[in-house]
$ cat coords.txt   # compact mmCIF, C-alpha atoms and all ligand atoms
# COMPACT_ATOMS: atom_id res chain seq x y z
CA MET A 23 17.49 -75.66 -64.13
CA LYS A 24 20.93 -76.33 -65.64
CA LEU A 25 24.03 -75.88 -63.54
CA LYS A 26 27.59 -75.64 -64.87
CA PHE A 27 30.20 -77.22 -62.61
CA THR A 28 33.88 -78.18 -62.44
CA LYS A 29 34.98 -81.43 -60.80
CA MET A 30 38.29 -81.08 -58.93
CA HIS A 31 40.40 -82.75 -56.28
CA GLY A 32 43.24 -81.93 -53.91
CA ALA A 33 45.19 -85.08 -52.92
CA GLY A 34 42.05 -87.14 -53.60
CA ASN A 35 39.70 -84.99 -51.48
CA ASP A 36 37.18 -84.24 -54.24
CA PHE A 37 35.04 -81.20 -54.97
CA ILE A 38 32.29 -79.85 -57.17
CA VAL A 39 33.12 -76.20 -57.79
CA LEU A 40 30.24 -73.87 -58.73
CA ASN A 41 30.76 -70.43 -60.23
CA ALA A 42 28.13 -68.30 -58.46
CA ILE A 43 29.42 -65.11 -60.08
CA ASP A 44 28.27 -65.93 -63.64
CA GLN A 45 25.23 -68.06 -62.69
CA VAL A 46 22.56 -67.61 -60.02
CA ILE A 47 22.89 -70.35 -57.40
CA ASN A 48 20.49 -70.73 -54.53
CA LEU A 49 20.44 -74.42 -53.64
CA THR A 50 18.68 -76.23 -50.81
CA ARG A 51 20.43 -78.66 -48.47
CA GLU A 52 18.80 -81.54 -50.41
CA GLN A 53 20.19 -80.22 -53.70
CA TYR A 54 23.73 -80.08 -52.27
CA ARG A 55 23.28 -83.66 -51.04
CA PHE A 56 22.05 -84.71 -54.48
CA LEU A 57 25.07 -83.12 -56.24
CA ALA A 58 27.48 -84.82 -53.81
CA ASP A 59 25.79 -88.24 -54.10
CA ARG A 60 28.17 -90.68 -55.82
CA ARG A 61 25.39 -92.80 -57.35
CA TYR A 62 22.55 -90.40 -58.20
CA GLY A 63 24.50 -87.14 -58.54
CA ILE A 64 28.03 -86.07 -59.54
CA GLY A 65 29.81 -87.22 -56.37
CA ALA A 66 32.10 -85.20 -54.09
CA ASP A 67 33.27 -84.81 -50.50
CA GLN A 68 32.54 -81.06 -50.57
CA ILE A 69 30.85 -78.50 -52.82
CA LEU A 70 32.56 -75.13 -53.18
CA LEU A 71 30.68 -71.99 -54.14
CA VAL A 72 32.69 -69.11 -55.67
CA GLU A 73 30.98 -65.76 -55.06
CA LYS A 74 31.67 -62.02 -55.25
CA PRO A 75 33.11 -60.79 -51.93
CA ASP A 76 31.22 -58.71 -49.34
CA ASN A 77 34.56 -57.17 -48.31
CA PRO A 78 36.03 -54.80 -51.01
CA GLU A 79 39.61 -55.58 -49.87
CA VAL A 80 39.48 -59.19 -51.08
CA ASP A 81 39.07 -60.79 -54.52
CA PHE A 82 36.41 -63.43 -53.83
CA LYS A 83 34.26 -65.11 -51.24
CA TYR A 84 34.05 -68.89 -51.16
CA ARG A 85 31.59 -71.09 -49.29
CA ILE A 86 31.92 -74.76 -48.40
CA PHE A 87 29.21 -77.42 -48.12
CA ASN A 88 29.90 -80.96 -46.88
CA SER A 89 28.38 -83.92 -48.75
CA ASP A 90 25.66 -84.06 -46.05
CA GLY A 91 24.51 -80.60 -47.28
CA GLY A 92 25.70 -78.64 -44.20
CA GLU A 93 27.66 -75.40 -44.66
CA VAL A 94 31.02 -75.29 -42.84
CA GLU A 95 33.68 -72.76 -41.98
CA GLN A 96 36.89 -73.92 -43.62
CA CYS A 97 38.41 -76.44 -46.04
CA GLY A 98 42.15 -76.57 -46.70
CA ASN A 99 42.18 -78.75 -49.84
CA GLY A 100 39.14 -76.81 -51.08
CA ALA A 101 41.02 -73.51 -50.72
CA ARG A 102 43.72 -74.78 -53.10
CA ALA A 103 41.09 -76.05 -55.54
CA PHE A 104 39.33 -72.68 -55.36
CA ALA A 105 42.59 -70.83 -56.28
CA LYS A 106 43.23 -73.12 -59.26
CA PHE A 107 39.58 -72.80 -60.38
CA VAL A 108 39.42 -68.98 -60.41
CA THR A 109 42.75 -68.80 -62.24
CA GLU A 110 42.07 -71.46 -64.89
CA SER A 111 38.52 -70.21 -65.54
CA GLY A 112 39.82 -66.67 -66.14
CA LEU A 113 37.96 -65.17 -63.16
CA SER A 114 41.26 -64.05 -61.61
CA ARG A 115 44.69 -62.90 -62.72
CA GLN A 116 45.85 -62.19 -59.17
CA ASN A 117 48.62 -64.03 -57.38
CA PRO A 118 48.38 -64.14 -54.41
CA ILE A 119 44.59 -64.32 -54.22
CA LYS A 120 42.76 -63.08 -51.14
CA VAL A 121 39.53 -64.84 -50.31
CA GLU A 122 36.87 -64.37 -47.66
CA THR A 123 35.65 -67.51 -45.86
CA ARG A 124 33.14 -67.86 -43.01
CA VAL A 125 36.00 -67.58 -40.51
CA GLY A 126 38.05 -64.80 -42.06
CA ILE A 127 40.35 -63.95 -44.93
CA ILE A 128 42.94 -66.42 -46.24
CA GLU A 129 45.70 -65.85 -48.80
CA LEU A 130 46.56 -68.29 -51.58
CA HIS A 131 49.74 -68.43 -53.72
CA LEU A 132 49.89 -70.26 -57.04
CA GLU A 133 53.33 -71.86 -57.35
CA LYS A 134 55.25 -72.35 -60.62
CA ASP A 135 55.06 -76.17 -60.29
CA GLY A 136 51.23 -76.02 -60.27
CA SER A 137 50.83 -76.56 -56.53
CA VAL A 138 49.11 -74.00 -54.28
CA THR A 139 50.34 -72.65 -50.93
CA VAL A 140 47.77 -71.39 -48.43
CA ASP A 141 48.22 -69.28 -45.33
CA MET A 142 45.67 -71.06 -43.12
CA GLY A 143 45.90 -68.57 -40.24
CA ASN A 144 46.45 -69.19 -36.55
CA PRO A 145 45.36 -72.47 -34.90
CA VAL A 146 43.01 -72.04 -31.95
CA PHE A 147 43.26 -74.18 -28.80
CA GLU A 148 40.72 -72.62 -26.38
CA THR A 149 38.22 -75.44 -25.85
CA SER A 150 35.25 -73.01 -25.83
CA ARG A 151 36.18 -71.94 -29.36
CA ILE A 152 36.39 -75.51 -30.79
CA PRO A 153 33.73 -75.91 -29.23
CA PHE A 154 34.59 -78.80 -26.84
CA LEU A 155 32.90 -79.37 -23.46
CA THR A 156 35.51 -80.42 -20.88
CA LYS A 157 33.60 -80.37 -17.56
CA GLY A 158 34.56 -83.47 -15.54
CA LEU A 159 37.01 -84.75 -18.15
CA THR A 160 40.58 -85.70 -17.17
CA SER A 161 43.58 -84.48 -19.15
CA ASP A 162 47.39 -84.61 -19.28
CA GLU A 163 49.84 -81.90 -20.31
CA ILE A 164 52.40 -83.08 -22.89
CA GLY A 165 54.77 -80.36 -24.13
CA SER A 166 52.49 -77.35 -24.58
CA ASP A 167 49.51 -79.50 -25.60
CA THR A 168 46.60 -80.69 -23.47
CA ILE A 169 45.61 -84.29 -24.13
CA TRP A 170 41.99 -85.00 -23.16
CA ASN A 171 40.78 -88.47 -22.25
CA LEU A 172 37.61 -88.71 -24.32
CA ILE A 173 35.35 -91.60 -23.34
CA LEU A 174 33.82 -93.50 -26.26
CA ASP A 175 31.01 -95.99 -25.85
CA THR A 176 31.85 -98.78 -28.31
CA GLY A 177 28.80 -101.04 -28.09
CA GLY A 178 28.48 -100.89 -24.30
CA ILE A 179 32.24 -101.04 -23.71
CA LYS A 180 33.76 -97.75 -22.56
CA LYS A 181 37.10 -96.82 -24.11
CA SER A 182 39.27 -93.80 -23.26
CA ILE A 183 40.83 -92.09 -26.31
CA PRO A 184 43.58 -89.48 -25.74
CA ILE A 185 42.90 -86.56 -28.10
CA SER A 186 44.21 -83.06 -28.79
CA VAL A 187 41.65 -80.50 -29.90
CA VAL A 188 42.50 -77.80 -32.44
CA SER A 189 40.42 -75.40 -34.51
CA MET A 190 41.70 -74.37 -37.93
CA GLY A 191 38.49 -72.40 -38.32
CA ASN A 192 36.77 -75.81 -38.20
CA PRO A 193 37.00 -78.29 -35.31
CA HIS A 194 39.47 -81.20 -35.12
CA ALA A 195 40.15 -83.99 -32.60
CA VAL A 196 43.53 -85.66 -33.23
CA GLN A 197 44.74 -88.97 -31.80
CA ILE A 198 48.05 -90.77 -32.29
CA VAL A 199 47.92 -94.38 -33.51
CA ASP A 200 50.69 -97.00 -33.99
CA ASP A 201 49.59 -98.05 -37.48
CA VAL A 202 47.23 -95.83 -39.44
CA ASN A 203 46.26 -98.71 -41.77
CA ARG A 204 44.93 -100.67 -38.83
CA ALA A 205 43.35 -97.72 -36.98
CA ALA A 206 39.63 -98.04 -36.12
CA VAL A 207 38.69 -95.10 -38.38
CA ALA A 208 35.33 -96.49 -39.56
CA GLU A 209 34.27 -97.54 -36.03
CA GLU A 210 35.60 -94.68 -33.88
CA GLY A 211 35.32 -91.92 -36.51
CA PRO A 212 31.50 -91.53 -36.34
CA LEU A 213 31.52 -91.89 -32.51
CA ILE A 214 34.05 -89.06 -32.17
CA GLU A 215 32.37 -86.94 -34.88
CA ASN A 216 29.02 -87.07 -33.06
CA HIS A 217 30.30 -87.15 -29.46
CA GLU A 218 28.14 -85.09 -27.08
CA ARG A 219 31.21 -83.14 -25.95
CA PHE A 220 31.47 -81.60 -29.46
CA PRO A 221 28.23 -79.60 -29.82
CA GLU A 222 29.07 -78.68 -33.45
CA ARG A 223 30.48 -82.17 -34.19
CA VAL A 224 34.14 -82.61 -35.09
CA ASN A 225 36.60 -83.94 -37.69
CA ALA A 226 38.43 -86.99 -36.25
CA GLY A 227 42.12 -87.39 -37.17
CA PHE A 228 44.23 -90.57 -36.78
CA MET A 229 47.97 -89.78 -37.04
CA GLU A 230 50.92 -92.20 -37.24
CA ILE A 231 54.25 -90.50 -36.61
CA GLN A 232 57.00 -91.79 -38.93
CA ASP A 233 59.80 -89.40 -37.97
CA ARG A 234 60.11 -85.77 -36.81
CA HIS A 235 59.26 -84.46 -40.30
CA SER A 236 56.72 -86.97 -41.57
CA ILE A 237 53.37 -88.46 -40.57
CA LYS A 238 50.68 -90.68 -42.08
CA LEU A 239 47.17 -89.40 -41.55
CA ARG A 240 43.57 -90.53 -42.02
CA VAL A 241 40.64 -88.24 -41.22
CA TYR A 242 37.01 -89.16 -40.63
CA GLU A 243 35.47 -85.86 -41.68
CA ARG A 244 32.44 -84.22 -40.12
CA GLY A 245 29.59 -84.40 -42.63
CA ALA A 246 31.56 -86.36 -45.24
CA ALA A 247 32.91 -89.58 -43.55
CA GLU A 248 36.50 -90.68 -44.31
CA THR A 249 38.09 -88.75 -47.20
CA LEU A 250 41.34 -89.48 -49.06
CA ALA A 251 42.90 -86.31 -47.55
CA CYS A 252 41.87 -83.42 -45.30
CA GLY A 253 43.84 -80.16 -45.48
CA THR A 254 42.66 -78.62 -42.23
CA GLY A 255 43.02 -82.09 -40.63
CA ALA A 256 46.67 -82.18 -41.79
CA CYS A 257 47.27 -78.71 -40.26
CA ALA A 258 45.61 -79.74 -36.96
CA ALA A 259 47.60 -83.01 -36.73
CA VAL A 260 50.95 -81.30 -37.40
CA VAL A 261 50.22 -78.50 -34.92
CA SER A 262 49.30 -81.06 -32.27
CA GLY A 263 52.45 -83.14 -33.00
CA ILE A 264 54.69 -80.05 -32.76
CA ARG A 265 53.04 -78.98 -29.49
CA ARG A 266 53.56 -82.51 -28.09
CA LYS A 267 57.27 -82.12 -29.07
CA LEU A 268 57.07 -85.14 -31.42
CA LEU A 269 57.41 -83.23 -34.72
CA ASP A 270 59.44 -80.33 -36.14
CA SER A 271 58.34 -77.99 -38.93
CA PRO A 272 58.05 -78.56 -41.89
CA VAL A 273 56.17 -81.86 -41.91
CA THR A 274 55.17 -84.04 -44.89
CA VAL A 275 51.68 -85.41 -44.36
CA LYS A 276 51.00 -88.65 -46.23
CA ALA A 277 47.29 -89.10 -46.74
CA ARG A 278 45.78 -92.01 -48.66
CA GLY A 279 45.17 -89.73 -51.67
CA GLY A 280 48.44 -87.78 -51.77
CA GLU A 281 50.91 -85.64 -49.85
CA LEU A 282 50.68 -82.20 -48.26
CA LYS A 283 53.46 -80.05 -46.73
CA ILE A 284 52.65 -78.24 -43.51
CA ALA A 285 54.85 -75.63 -41.84
CA TRP A 286 54.23 -74.06 -38.42
CA GLU A 287 56.79 -72.12 -36.41
CA GLY A 288 54.87 -72.40 -33.13
CA GLU A 289 52.45 -70.36 -30.98
CA GLY A 290 51.45 -67.02 -32.52
CA HIS A 291 52.43 -68.12 -36.06
CA ASN A 292 50.18 -68.97 -38.98
CA VAL A 293 50.03 -72.48 -40.42
CA ILE A 294 51.23 -72.72 -44.04
CA MET A 295 49.96 -75.58 -46.20
CA SER A 296 51.15 -76.58 -49.72
CA GLY A 297 49.76 -79.24 -52.01
CA PRO A 298 48.16 -80.13 -55.32
CA ALA A 299 44.91 -78.88 -56.88
CA ILE A 300 43.68 -80.69 -59.99
CA ILE A 301 40.84 -80.00 -62.43
CA VAL A 302 39.27 -83.33 -63.50
CA PHE A 303 36.49 -82.22 -65.88
CA ASN A 304 33.83 -79.60 -66.57
CA GLY A 305 30.17 -80.48 -66.91
CA GLU A 306 26.56 -79.43 -66.73
CA ILE A 307 23.81 -81.04 -64.67
CA ASN A 308 20.02 -80.72 -64.66
CA LEU A 309 18.56 -79.96 -61.27
N1 LIG A 401 38.20 -81.60 -46.55
C1 LIG A 401 38.40 -80.42 -45.86
C2 LIG A 401 37.55 -80.10 -44.67
C3 LIG A 401 36.08 -79.94 -45.07
C4 LIG A 401 35.18 -79.51 -43.93
C5 LIG A 401 35.09 -80.50 -42.81
N2 LIG A 401 34.51 -81.75 -43.22
C6 LIG A 401 34.27 -79.88 -41.66
O1 LIG A 401 33.08 -80.19 -41.53
O2 LIG A 401 34.82 -79.09 -40.90
C7 LIG A 401 39.83 -79.93 -45.78
O3 LIG A 401 40.59 -80.22 -46.72
O4 LIG A 401 40.18 -79.19 -44.86
$ encode --input "coords.txt" --output "C-alpha cells"
Amino acid sequence: MKLKFTKMHGAGNDFIVLNAIDQVINLTREQYRFLADRRYGIGADQILLVEKPDNPEVDFKYRIFNSDGGEVEQCGNGARAFAKFVTESGLSRQNPIKVETRVGIIELHLEKDGSVTVDMGNPVFETSRIPFLTKGLTSDEIGSDTIWNLILDTGGIKKSIPISVVSMGNPHAVQIVDDVNRAAVAEEGPLIENHERFPERVNAGFMEIQDRHSIKLRVYERGAAETLACGTGACAAVVSGIRRKLLDSPVTVKARGGELKIAWEGEGHNVIMSGPAIIVFNGEINL
C-alpha cells in the first residue's frame, strides 16, 4: 500500500500529515510507530490525520498520534501545521478554519506573514479532569495556582518537585527551573510522564522565567520524549506563570526549535497561541 504524506514542522516540533479525505487510511498502532521512526520510517514527533468532519458546522476533523502510536486529544503546533496543510493543498479556502478535535472545536487564523494563530480554548485546572490523583499529597497556594509537591523516586532517592497541573485538552505538569539548559529533562521527564499519580500519563514542562513577558521552555512530551517545541506545553506554562503572578500576557515562549506567542487574559478566557507552520517536503511511502 502506498501512502502520500507531507512532512511539516512548527518551531521544530515535526509532523507527518496524512490526507485521509482523498486516500483511505486505516493504520495500526505499529504502522504509526513505523512512520514516526527516524531510522526505519519517515521520522516525526506526531502524525496528523486530516479527515472529513462528523459535525456539519466545522470544516474538518483532525486526529493526532504520538510517535509511540497512541492517539491523543490535542496538539498546538500540530493545529497550526494542519491549517497550513489544508490551505496549501487546496483542501480549504476558509480563513478562519474550524476544526473538530477529540476535545472539541478549535478555530485557526492564517496570518498575512505566514504564521497561524489558534484559539486553544479554556485551560482546565480541576485535578480530576487532568487527570491527577492528589490524595495524601501536600500543596501550596501561590497566586491563584495550586503547586503540588510531586514525589519522584530518582534511583532510590526521593525528590519533591513543585508542579502546577493544567489541561489544554491534554495533560501538563509544569515546573519552574533556574536554568532550562541545565534542567534534568532527560532524567525527570520520563519519571513525571509515567508517574502513578497521572493515570493517563502527562507532558512534563520545564520553564525558566526571563522576565514578565518571556520564558524559555523545554517539554518532555508524553509518547514522544523531548521535542524541540510543544504548543500546548507553551500554553500550559504561560497559564501557570500568570496564575502564579510571575508573568503578564502576552508572553514570548522560547523553545529550542523556535518561538511562540501566547496570550491569556485570565480565568474564563481562552488561550491564544501564534507561531510558525512550515511545509518541508511531500512524499510517498510503501507500507
Ligand atoms: N507537540 C504537541 C503535543 C502533542 C501531544 C502530546 N505529546 C500529548 O501526548 O498530549 C503540541 O504542540 O501541543
$ atom_distance --input "coords.txt" --atom1 "CA of Leu172 (chain A)" --atom2 "CA of Ala205 (chain A)"
16.6 Å
$ closest_atom_pairs --input "coords.txt" --of "chain A" --to "ligand LIG 401 (chain A)" --cutoff "6 Å" --atoms "all atoms listed in the file" --output "JSON lines"
{"residue": "A:Asn88", "atom": "CA", "partner": "A:LIG401", "partner_atom": "N2", "distance": 5.9}
{"residue": "A:Val94", "atom": "CA", "partner": "A:LIG401", "partner_atom": "O1", "distance": 5.5}
{"residue": "A:Gln96", "atom": "CA", "partner": "A:LIG401", "partner_atom": "C4", "distance": 5.9}
{"residue": "A:Cys97", "atom": "CA", "partner": "A:LIG401", "partner_atom": "O4", "distance": 3.5}
{"residue": "A:Gly98", "atom": "CA", "partner": "A:LIG401", "partner_atom": "O4", "distance": 3.8}
{"residue": "A:Asn99", "atom": "CA", "partner": "A:LIG401", "partner_atom": "O3", "distance": 3.8}
{"residue": "A:Gly100", "atom": "CA", "partner": "A:LIG401", "partner_atom": "O3", "distance": 5.7}
{"residue": "A:Asn192", "atom": "CA", "partner": "A:LIG401", "partner_atom": "O2", "distance": 4.7}
{"residue": "A:Glu243", "atom": "CA", "partner": "A:LIG401", "partner_atom": "N2", "distance": 4.5}
{"residue": "A:Arg244", "atom": "CA", "partner": "A:LIG401", "partner_atom": "O1", "distance": 4.3}
{"residue": "A:Gly245", "atom": "CA", "partner": "A:LIG401", "partner_atom": "O1", "distance": 5.6}
{"residue": "A:Ala246", "atom": "CA", "partner": "A:LIG401", "partner_atom": "N2", "distance": 5.8}
{"residue": "A:Cys252", "atom": "CA", "partner": "A:LIG401", "partner_atom": "O3", "distance": 3.7}
{"residue": "A:Gly253", "atom": "CA", "partner": "A:LIG401", "partner_atom": "O3", "distance": 3.5}
{"residue": "A:Thr254", "atom": "CA", "partner": "A:LIG401", "partner_atom": "O4", "distance": 3.7}
{"residue": "A:Gly255", "atom": "CA", "partner": "A:LIG401", "partner_atom": "O4", "distance": 5.9}
$ closest_atom_pairs --input "coords.txt" --of "region 200-288 of chain A" --to "region 144-147 of chain A" --cutoff "9 Å" --atoms "only C-alpha atoms" --output "CSV"
residue,atom,partner,partner_atom,distance
A:Cys257,CA,A:Pro145,CA,8.4
A:Ala258,CA,A:Pro145,CA,7.6
A:Val261,CA,A:Pro145,CA,7.7
$ atom_distance --input "coords.txt" --atom1 "CA of Val202 (chain A)" --atom2 "CA of Val275 (chain A)"
12.4 Å
$ closest_atom_pairs --input "coords.txt" --of "region 235-276 of chain A" --to "region 30-51 of chain A" --cutoff "6 Å" --atoms "all atoms listed in the file" --output "JSON lines"
{"residue": "A:Thr249", "atom": "CA", "partner": "A:Asn35", "partner_atom": "CA", "distance": 5.9}
{"residue": "A:Leu250", "atom": "CA", "partner": "A:Gly34", "partner_atom": "CA", "distance": 5.2}
{"residue": "A:Ala251", "atom": "CA", "partner": "A:Asn35", "partner_atom": "CA", "distance": 5.2}
$ residues_near_point --input "coords.txt" --point "(22.8, -78.8, -65.2)" --cutoff "6 Å" --atoms "only C-alpha atoms" --output "PyMOL selection string"
chain A and resi 24-26+306-309
$ write_last_selection --input "coords.txt" --atoms "C-alpha atoms" --output "CSV table (one decimal), in the coordinates of the input"
chain,number,residue,atom,x,y,z
A,24,LYS,CA,20.9,-76.3,-65.6
A,25,LEU,CA,24.0,-75.9,-63.5
A,26,LYS,CA,27.6,-75.6,-64.9
A,306,GLU,CA,26.6,-79.4,-66.7
A,307,ILE,CA,23.8,-81.0,-64.7
A,308,ASN,CA,20.0,-80.7,-64.7
A,309,LEU,CA,18.6,-80.0,-61.3
$ residues_around --input "coords.txt" --residues "Thr168 (chain A)" --least-positions-apart "5" --cutoff "9 Å" --atoms "all atoms listed in the file" --output "ChimeraX atom specification"
/A:161-163,185-187,265-266
$ closest_atom_pairs --input "coords.txt" --of "region 97-199 of chain A" --to "region 227-238 of chain A" --cutoff "7 Å" --atoms "only C-alpha atoms" --output "JSON lines"
{"residue": "A:Ala195", "atom": "CA", "partner": "A:Gly227", "partner_atom": "CA", "distance": 6.0}
{"residue": "A:Val196", "atom": "CA", "partner": "A:Gly227", "partner_atom": "CA", "distance": 4.5}
{"residue": "A:Gln197", "atom": "CA", "partner": "A:Phe228", "partner_atom": "CA", "distance": 5.3}
{"residue": "A:Ile198", "atom": "CA", "partner": "A:Met229", "partner_atom": "CA", "distance": 4.9}
{"residue": "A:Val199", "atom": "CA", "partner": "A:Glu230", "partner_atom": "CA", "distance": 5.3}
